[in-house]
Amino acid sequence: MFLIIFSVISLVIAGILFGISQRFKYFSKQGIPGPKPKFFFGHTKESFLGKKNVIYEIDDVYRYSRGKYPFVGFFTALKPYFLVIDPEILKKVLITDFKVFRNNDFSKMVSKRRDPILALNPFFMVDDLWNEKRAEMTPAMTKNKLKLIYPIAIETTKKLIDHVNEKLTKPYDIKELCSRYTCDLISSCLFNVDAHCLTSDNPEIYDHSRKVMNGIIGAFSKKCSSQMFPPESAAFFKRLTIEAIRHRNEMSFKPDDLLDHIIATQQKKSFSEDDLMSQVWTIFMDSFETSGLVLQYTLYELARNQKAQDKLREEINANLDDEGEHITFETIMELEYLDQVFHEALRLHPPIVYTTRVCAESFEIDGAKGHKYQMKKGDVAMIPIYSIHRDPDHFPHPESFEPERFDASNGGVKAFTDRCVLLPFGSGGRICVGVKLANVIIKTAVVEIVKNYRISVDESVPYHLEIGIKEFLNVVTSTLLINFQRL
Ligand code: HEM
């Protein structure tokens with residue numbers, strides 16, 4: 001009996017080991033190049049063992065392969081990815097052959113049953129339902145609606161300045177500062193309330209937002225579909241939304257803003273409660289964390305690079321309105337150097353470090369030396385945004401902060417996004433819905449801070465920043481302490 005059990009167990013184990021070894025031949029069997037994967041771990045042993053963030057292992061393989069291959073085979077544990085390196089292939093996957101590659105593979109991370117609200121965020125959706133949700137959201141981002149956000153952003157920056165003024169005596173953690181600012185601003189726009197993130201120590205909205213973000217980060221780092229949205233936070237945001245809508249319906253003058261768009265879509269499409277909450281929460285969540293991070297890194301880079309800070313201050317001061325106080329919405333969106341600074345910070349610190357696209361049908365892909373390969377239905381292309389942004393072939397001296405690289409004489413920012421080497425917002429049919437909103441949120445705060453303070457990095461902050469081991473977004477381990485000197 002013992003011998004039978006032992007033989008069965010041995011056979012099962014041998015079968016599993018054989019299955020794993022076959023799995024790792026997925027690319028080599030097709031002659032697709034790439035560094036040899038380690039048994040069981042693939043190319044992500046260190047992140048699997050909790051020693052570093054997965055992006056550094058993706059980056060190692062990217063560096064090994066760049067200049068040699070247009071794409072390589074890459075395994076995160078047992079899952080195979082086509083790691084794309086050549087911008088021409090990126091362009092095909094993201095833009096020209098979008099029909100074949102319209103889905104990403106993040107949808108599997110969210111359970112519709114456990115997180116119905118998150119599952120309706122276009123980022124986590126696929127196929128026609130994704131198309132429908134995205135089409136509902138896009139009209140919320142028109143120039144007129146964004147223009148209405150600008151005065152709210154200016155009001156919020158006043159609170160930001162008051163908040164900083166109280167803390168002038170010692171260096172300040174800008175991560176906290178920036179996410180409190182974005183939380184306050186978006187709460188005013190969506191819920192028509194003062195969230196008191198910049199005026200109170202423990203504001204309720206901020207606490208619930210952090211709880212949800214921690215749930216999402218936790219689920220992504222464990223790479224499993226666990227519940228992300230704590231029920232008490234879901235209930236809190238539902239109450240807030242219902243109250244905002246009730247209040248708006250009572251108003252005689254209804255501004256053509258984000259909330260108005262959400263109410264109009266709800267009425268037109270007879271939204272369920274989950275649909276309504278998902279619209280609100282998509283805008284809230286996608287703005288809150290990513291924009292907070294980019295604002296933080298833009299300020300950090302300006303604090304490290306005094307010449308760039310001076311040059312930006314000169315541009316700002318030269319474009320103030322007649323009262324010498326603010327810059328108009330139209331002007332702020334056209335400030336060239338501000339835009340270069342913004343994109344250079346996004347290049348060095350993209351909040352989303354990679355994205356993916358799932359191949360929907362057999363697709364021919366060009367390899368090195370004229371070889372052609374076939375991607376199959378279900379194969380996944382990985383777009384390593386972080387690595388592309390630090391590739392010296394695309395960006396000379398990639399580690400240094402040089403906004404001038406986006407100067408009009410080099411074709412401006414557009415030349416780099418067109419070549420698919422600058423992808424902080426992704427590209428093609430799935431490009432970030434909130435690009436313009438992010439511009440308003442971040443640029444307004446950068447202008448007010450640079451106008452009012454000289455900022456410098458505290459000497460306790462290390463020069464090299466490390467993304468946290470378990471982070472899904474680009475969140476570094478160091479506390480970014482900044483000195484603010486009133487001008
Ligand atoms: C600086 C801030 C932001 C950055 C860097 C950023 C970046 C990105 C990236 C890289 C993607 C994936 C694109 C792809 O796979 O090609 C994305 C998707 C998305 N973003 Fe943003 N984002 C930002 C702010 C926002 C804001 C403010 C909103 C608010 C509406 C937003 C809403 C979305 C949505 C809905 C998607 C999913 C698009 C789709 O799959 O169709 N983002 N974002």
# chains A, B, ... in the order shown; residues from 1 in each chain; ligands from 1
call {"tool": "residues_near_ligand", "arguments": {"ligand": "ligand 1", "cutoff": "7 Å", "atoms": "only C-alpha atoms and all ligand atoms", "output": "VMD selection string"}}
result
chain A and resid 104 121 to 124 130 134 282 to 284 286 to 287 290 to 291 294 346 350 to 352 355 to 356 423 to 435 437 to 438
call {"tool": "write_last_selection", "arguments": {"atoms": "N, CA and C atoms", "output": "mmCIF file, in the first residue's frame"}}
result
data_model
loop_
_atom_site.group_PDB
_atom_site.id
_atom_site.type_symbol
_atom_site.label_atom_id
_atom_site.label_comp_id
_atom_site.auth_asym_id
_atom_site.auth_seq_id
_atom_site.Cartn_x
_atom_site.Cartn_y
_atom_site.Cartn_z
ATOM 1 N N ASN A 104 -5.992 44.712 -21.782
ATOM 2 C CA ASN A 104 -4.795 44.435 -20.973
ATOM 3 C C ASN A 104 -5.092 43.192 -20.131
ATOM 4 N N ASN A 121 -14.167 49.876 -13.428
ATOM 5 C CA ASN A 121 -13.181 50.884 -13.843
ATOM 6 C C ASN A 121 -12.621 50.424 -15.190
ATOM 7 N N PRO A 122 -12.647 51.285 -16.237
ATOM 8 C CA PRO A 122 -12.170 50.844 -17.556
ATOM 9 C C PRO A 122 -10.797 50.179 -17.517
ATOM 10 N N PHE A 123 -9.944 50.604 -16.588
ATOM 11 C CA PHE A 123 -8.595 50.031 -16.489
ATOM 12 C C PHE A 123 -8.658 48.509 -16.311
ATOM 13 N N PHE A 124 -9.711 48.031 -15.617
ATOM 14 C CA PHE A 124 -9.810 46.606 -15.313
ATOM 15 C C PHE A 124 -10.829 45.898 -16.223
ATOM 16 N N TRP A 130 -15.680 47.237 -21.889
ATOM 17 C CA TRP A 130 -14.635 48.256 -21.683
ATOM 18 C C TRP A 130 -14.940 49.469 -22.575
ATOM 19 N N ARG A 134 -15.601 53.198 -21.210
ATOM 20 C CA ARG A 134 -14.657 54.245 -21.597
ATOM 21 C C ARG A 134 -15.409 55.386 -22.306
ATOM 22 N N THR A 282 -13.811 55.832 -10.132
ATOM 23 C CA THR A 282 -12.736 55.776 -11.151
ATOM 24 C C THR A 282 -12.044 57.129 -11.216
ATOM 25 N N ILE A 283 -12.838 58.199 -11.295
ATOM 26 C CA ILE A 283 -12.233 59.533 -11.387
ATOM 27 C C ILE A 283 -11.485 59.839 -10.094
ATOM 28 N N PHE A 284 -12.111 59.501 -8.971
ATOM 29 C CA PHE A 284 -11.493 59.820 -7.679
ATOM 30 C C PHE A 284 -10.172 59.064 -7.507
ATOM 31 N N ASP A 286 -8.295 57.247 -9.651
ATOM 32 C CA ASP A 286 -7.254 57.390 -10.676
ATOM 33 C C ASP A 286 -6.581 58.757 -10.578
ATOM 34 N N SER A 287 -7.318 59.759 -10.057
ATOM 35 C CA SER A 287 -6.714 61.083 -9.902
ATOM 36 C C SER A 287 -5.873 61.142 -8.635
ATOM 37 N N THR A 290 -2.239 58.641 -8.612
ATOM 38 C CA THR A 290 -1.257 58.905 -9.678
ATOM 39 C C THR A 290 -0.865 60.385 -9.703
ATOM 40 N N SER A 291 -1.858 61.279 -9.649
ATOM 41 C CA SER A 291 -1.534 62.706 -9.733
ATOM 42 C C SER A 291 -0.748 63.153 -8.510
ATOM 43 N N VAL A 294 2.848 62.111 -9.120
ATOM 44 C CA VAL A 294 3.557 62.903 -10.139
ATOM 45 C C VAL A 294 3.857 64.309 -9.608
ATOM 46 N N LEU A 346 7.688 62.899 -15.321
ATOM 47 C CA LEU A 346 6.936 61.686 -15.677
ATOM 48 C C LEU A 346 7.838 60.640 -16.334
ATOM 49 N N PRO A 350 7.486 57.444 -13.863
ATOM 50 C CA PRO A 350 6.093 57.162 -14.287
ATOM 51 C C PRO A 350 5.369 56.404 -13.167
ATOM 52 N N PRO A 351 4.181 56.864 -12.735
ATOM 53 C CA PRO A 351 3.510 56.157 -11.637
ATOM 54 C C PRO A 351 3.151 54.716 -12.003
ATOM 55 N N ILE A 352 2.765 54.498 -13.278
ATOM 56 C CA ILE A 352 2.463 53.120 -13.708
ATOM 57 C C ILE A 352 3.688 52.647 -14.488
ATOM 58 N N THR A 355 2.670 48.378 -18.582
ATOM 59 C CA THR A 355 1.296 48.007 -18.901
ATOM 60 C C THR A 355 1.355 46.768 -19.790
ATOM 61 N N THR A 356 0.182 46.214 -20.104
ATOM 62 C CA THR A 356 0.180 44.976 -20.894
ATOM 63 C C THR A 356 -0.907 45.040 -21.969
ATOM 64 N N LEU A 423 5.903 57.159 -22.619
ATOM 65 C CA LEU A 423 4.578 56.542 -22.462
ATOM 66 C C LEU A 423 4.013 56.640 -21.037
ATOM 67 N N PRO A 424 4.156 57.795 -20.363
ATOM 68 C CA PRO A 424 3.673 57.833 -18.979
ATOM 69 C C PRO A 424 2.164 57.630 -18.877
ATOM 70 N N PHE A 425 1.433 57.968 -19.940
ATOM 71 C CA PHE A 425 -0.023 57.790 -19.929
ATOM 72 C C PHE A 425 -0.444 56.620 -20.825
ATOM 73 N N GLY A 426 0.508 55.792 -21.245
ATOM 74 C CA GLY A 426 0.201 54.761 -22.225
ATOM 75 C C GLY A 426 0.040 55.410 -23.581
ATOM 76 N N SER A 427 -0.601 54.688 -24.511
ATOM 77 C CA SER A 427 -0.813 55.254 -25.840
ATOM 78 C C SER A 427 -1.897 54.469 -26.571
ATOM 79 N N GLY A 428 -2.396 55.051 -27.668
ATOM 80 C CA GLY A 428 -3.382 54.347 -28.497
ATOM 81 C C GLY A 428 -4.763 54.354 -27.869
ATOM 82 N N GLY A 429 -5.571 53.368 -28.255
ATOM 83 C CA GLY A 429 -6.984 53.321 -27.868
ATOM 84 C C GLY A 429 -7.220 53.187 -26.374
ATOM 85 N N ARG A 430 -6.193 52.790 -25.635
ATOM 86 C CA ARG A 430 -6.371 52.634 -24.172
ATOM 87 C C ARG A 430 -5.580 53.676 -23.412
ATOM 88 N N ILE A 431 -5.192 54.747 -24.093
ATOM 89 C CA ILE A 431 -4.420 55.797 -23.408
ATOM 90 C C ILE A 431 -5.234 56.301 -22.216
ATOM 91 N N CYS A 432 -4.542 56.765 -21.181
ATOM 92 C CA CYS A 432 -5.198 57.249 -19.971
ATOM 93 C C CYS A 432 -6.317 58.244 -20.298
ATOM 94 N N VAL A 433 -7.467 58.052 -19.677
ATOM 95 C CA VAL A 433 -8.611 58.940 -19.921
ATOM 96 C C VAL A 433 -8.372 60.318 -19.278
ATOM 97 N N GLY A 434 -7.541 60.331 -18.213
ATOM 98 C CA GLY A 434 -7.437 61.556 -17.417
ATOM 99 C C GLY A 434 -6.222 62.421 -17.699
ATOM 100 N N VAL A 435 -5.605 62.298 -18.896
ATOM 101 C CA VAL A 435 -4.370 63.050 -19.187
ATOM 102 C C VAL A 435 -4.555 64.547 -18.908
ATOM 103 N N LEU A 437 -6.952 66.139 -17.225
ATOM 104 C CA LEU A 437 -7.280 66.422 -15.825
ATOM 105 C C LEU A 437 -5.998 66.399 -14.980
ATOM 106 N N ALA A 438 -5.151 65.425 -15.226
ATOM 107 C CA ALA A 438 -3.883 65.329 -14.480
ATOM 108 C C ALA A 438 -3.035 66.581 -14.723
#
call {"tool": "select_by_dssp", "arguments": {"residues": "region 120-362 of chain A", "states": "helix (DSSP H, G or I)", "output": "PyMOL selection string"}}
result
chain A and resi 120+122-124+127-141+143-166+174-191+204-221+231-250+258-269+273-304+306-317+329-332+336-348
call {"tool": "closest_residue", "arguments": {"among": "A:Lys145, A:Val100, A:Lys133, A:Ile469", "to": "Asp257 (chain A)", "atoms": "only C-alpha atoms"}}
result
A:Lys145
call {"tool": "residues_around", "arguments": {"residues": "Met285 (chain A)", "least_positions_apart": "5", "cutoff": "12 Å", "atoms": "only C-alpha atoms", "output": "ChimeraX atom specification"}}
result
/A:117-118,121,123,179,182-183,186-187,190,205-206,208-214,216,229,237,277-280,290-292,434
call {"tool": "select_by_dssp", "arguments": {"residues": "region 365-474 of chain A", "states": "strand (DSSP E or B)", "output": "ChimeraX atom specification"}}
result
/A:365-366,372-375,380-383,453-457,467,473
call {"tool": "write_last_selection", "arguments": {"atoms": "N, CA and C atoms", "output": "PDB file, in the first residue's frame"}}
result
ATOM      1  N   ILE A 365       4.995  38.903 -35.735  1.00  0.00           N
ATOM      2  CA  ILE A 365       5.803  39.919 -35.063  1.00  0.00           C
ATOM      3  C   ILE A 365       7.253  39.768 -35.540  1.00  0.00           C
ATOM      4  N   ASP A 366       7.902  40.920 -35.846  1.00  0.00           N
ATOM      5  CA  ASP A 366       9.256  40.889 -36.409  1.00  0.00           C
ATOM      6  C   ASP A 366      10.299  40.697 -35.324  1.00  0.00           C
ATOM      7  N   LYS A 372      10.658  36.121 -38.478  1.00  0.00           N
ATOM      8  CA  LYS A 372       9.248  36.424 -38.151  1.00  0.00           C
ATOM      9  C   LYS A 372       8.767  35.395 -37.120  1.00  0.00           C
ATOM     10  N   TYR A 373       8.002  35.880 -36.156  1.00  0.00           N
ATOM     11  CA  TYR A 373       7.443  34.975 -35.154  1.00  0.00           C
ATOM     12  C   TYR A 373       5.937  35.161 -35.114  1.00  0.00           C
ATOM     13  N   GLN A 374       5.271  34.198 -34.496  1.00  0.00           N
ATOM     14  CA  GLN A 374       3.824  34.257 -34.442  1.00  0.00           C
ATOM     15  C   GLN A 374       3.372  34.394 -32.991  1.00  0.00           C
ATOM     16  N   MET A 375       2.690  35.502 -32.670  1.00  0.00           N
ATOM     17  CA  MET A 375       2.064  35.554 -31.336  1.00  0.00           C
ATOM     18  C   MET A 375       0.730  34.832 -31.454  1.00  0.00           C
ATOM     19  N   VAL A 380       0.588  37.502 -24.146  1.00  0.00           N
ATOM     20  CA  VAL A 380       0.514  38.851 -23.582  1.00  0.00           C
ATOM     21  C   VAL A 380       1.799  39.634 -23.872  1.00  0.00           C
ATOM     22  N   ALA A 381       1.633  40.856 -24.396  1.00  0.00           N
ATOM     23  CA  ALA A 381       2.784  41.744 -24.606  1.00  0.00           C
ATOM     24  C   ALA A 381       2.930  42.608 -23.353  1.00  0.00           C
ATOM     25  N   MET A 382       4.186  42.719 -22.871  1.00  0.00           N
ATOM     26  CA  MET A 382       4.432  43.601 -21.728  1.00  0.00           C
ATOM     27  C   MET A 382       5.149  44.850 -22.231  1.00  0.00           C
ATOM     28  N   ILE A 383       4.645  46.018 -21.840  1.00  0.00           N
ATOM     29  CA  ILE A 383       5.248  47.286 -22.276  1.00  0.00           C
ATOM     30  C   ILE A 383       5.959  47.886 -21.064  1.00  0.00           C
ATOM     31  N   TYR A 453       7.753  79.676  -3.155  1.00  0.00           N
ATOM     32  CA  TYR A 453       8.869  79.143  -2.353  1.00  0.00           C
ATOM     33  C   TYR A 453      10.071  78.769  -3.211  1.00  0.00           C
ATOM     34  N   ARG A 454      11.249  78.867  -2.590  1.00  0.00           N
ATOM     35  CA  ARG A 454      12.406  78.151  -3.143  1.00  0.00           C
ATOM     36  C   ARG A 454      12.416  76.809  -2.414  1.00  0.00           C
ATOM     37  N   ILE A 455      12.431  75.731  -3.172  1.00  0.00           N
ATOM     38  CA  ILE A 455      12.400  74.417  -2.517  1.00  0.00           C
ATOM     39  C   ILE A 455      13.737  73.707  -2.725  1.00  0.00           C
ATOM     40  N   SER A 456      14.155  72.959  -1.704  1.00  0.00           N
ATOM     41  CA  SER A 456      15.397  72.182  -1.828  1.00  0.00           C
ATOM     42  C   SER A 456      15.212  70.852  -1.100  1.00  0.00           C
ATOM     43  N   VAL A 457      15.993  69.858  -1.537  1.00  0.00           N
ATOM     44  CA  VAL A 457      15.849  68.523  -0.943  1.00  0.00           C
ATOM     45  C   VAL A 457      16.630  68.476   0.368  1.00  0.00           C
ATOM     46  N   ILE A 467      12.105  51.970  -5.550  1.00  0.00           N
ATOM     47  CA  ILE A 467      10.662  51.677  -5.478  1.00  0.00           C
ATOM     48  C   ILE A 467      10.451  50.550  -4.458  1.00  0.00           C
ATOM     49  N   LEU A 473       2.371  50.645  -7.842  1.00  0.00           N
ATOM     50  CA  LEU A 473       2.691  51.930  -8.477  1.00  0.00           C
ATOM     51  C   LEU A 473       4.113  52.336  -8.096  1.00  0.00           C
TER      52      LEU A 473
END
call {"tool": "closest_atom_pairs", "arguments": {"of": "region 75-182 of chain A", "to": "region 37-50 of chain A", "cutoff": "12 Å", "atoms": "only C-alpha atoms", "output": "CSV"}}
result
residue,atom,partner,partner_atom,distance
A:Phe75,CA,A:Gly42,CA,4.8
A:Thr76,CA,A:Thr44,CA,5.3
A:Ala77,CA,A:Phe41,CA,4.3
A:Leu78,CA,A:Gly42,CA,6.2
A:Lys79,CA,A:Gly42,CA,8.1
A:Pro80,CA,A:Gly42,CA,8.6
A:Tyr81,CA,A:His43,CA,10.7
A:Leu83,CA,A:His43,CA,11.6
call {"tool": "write_last_selection", "arguments": {"atoms": "C-alpha atoms", "output": "CSV table (one decimal), in the first residue's frame"}}
result
chain,number,residue,atom,x,y,z
A,75,PHE,CA,8.5,35.0,-17.3
A,76,THR,CA,7.0,36.4,-14.1
A,77,ALA,CA,7.1,33.1,-12.2
A,78,LEU,CA,5.2,30.7,-14.6
A,79,LYS,CA,3.5,33.3,-16.7
A,80,PRO,CA,5.1,34.1,-20.1
A,81,TYR,CA,5.2,37.6,-21.5
A,83,LEU,CA,8.7,41.8,-23.4
call {"tool": "atom_distance", "arguments": {"atom1": "CA of Asn144 (chain A)", "atom2": "CA of Ile242 (chain A)"}}
result
24.5 Å
call {"tool": "residues_around", "arguments": {"residues": "Val440 (chain A)", "least_positions_apart": "5", "cutoff": "8 Å", "atoms": "only C-alpha atoms", "output": "ChimeraX atom specification"}}
result
/A:146,149-150,153,333
call {"tool": "write_last_selection", "arguments": {"atoms": "C-alpha atoms", "output": "tab-separated table (two decimals), in the first residue's frame"}}
result
chain	number	residue	atom	x	y	z
A	146	LEU	CA	-11.67	71.10	-17.04
A	149	ILE	CA	-11.96	72.72	-12.31
A	150	TYR	CA	-9.21	75.33	-12.60
A	153	ALA	CA	-7.65	73.99	-8.14
A	333	MET	CA	-1.81	74.83	-20.38
call {"tool": "closest_residue", "arguments": {"among": "A:Val461, A:Arg486, A:Ala345, A:Phe71", "to": "Leu90 (chain A)", "atoms": "only C-alpha atoms"}}
result
A:Phe71
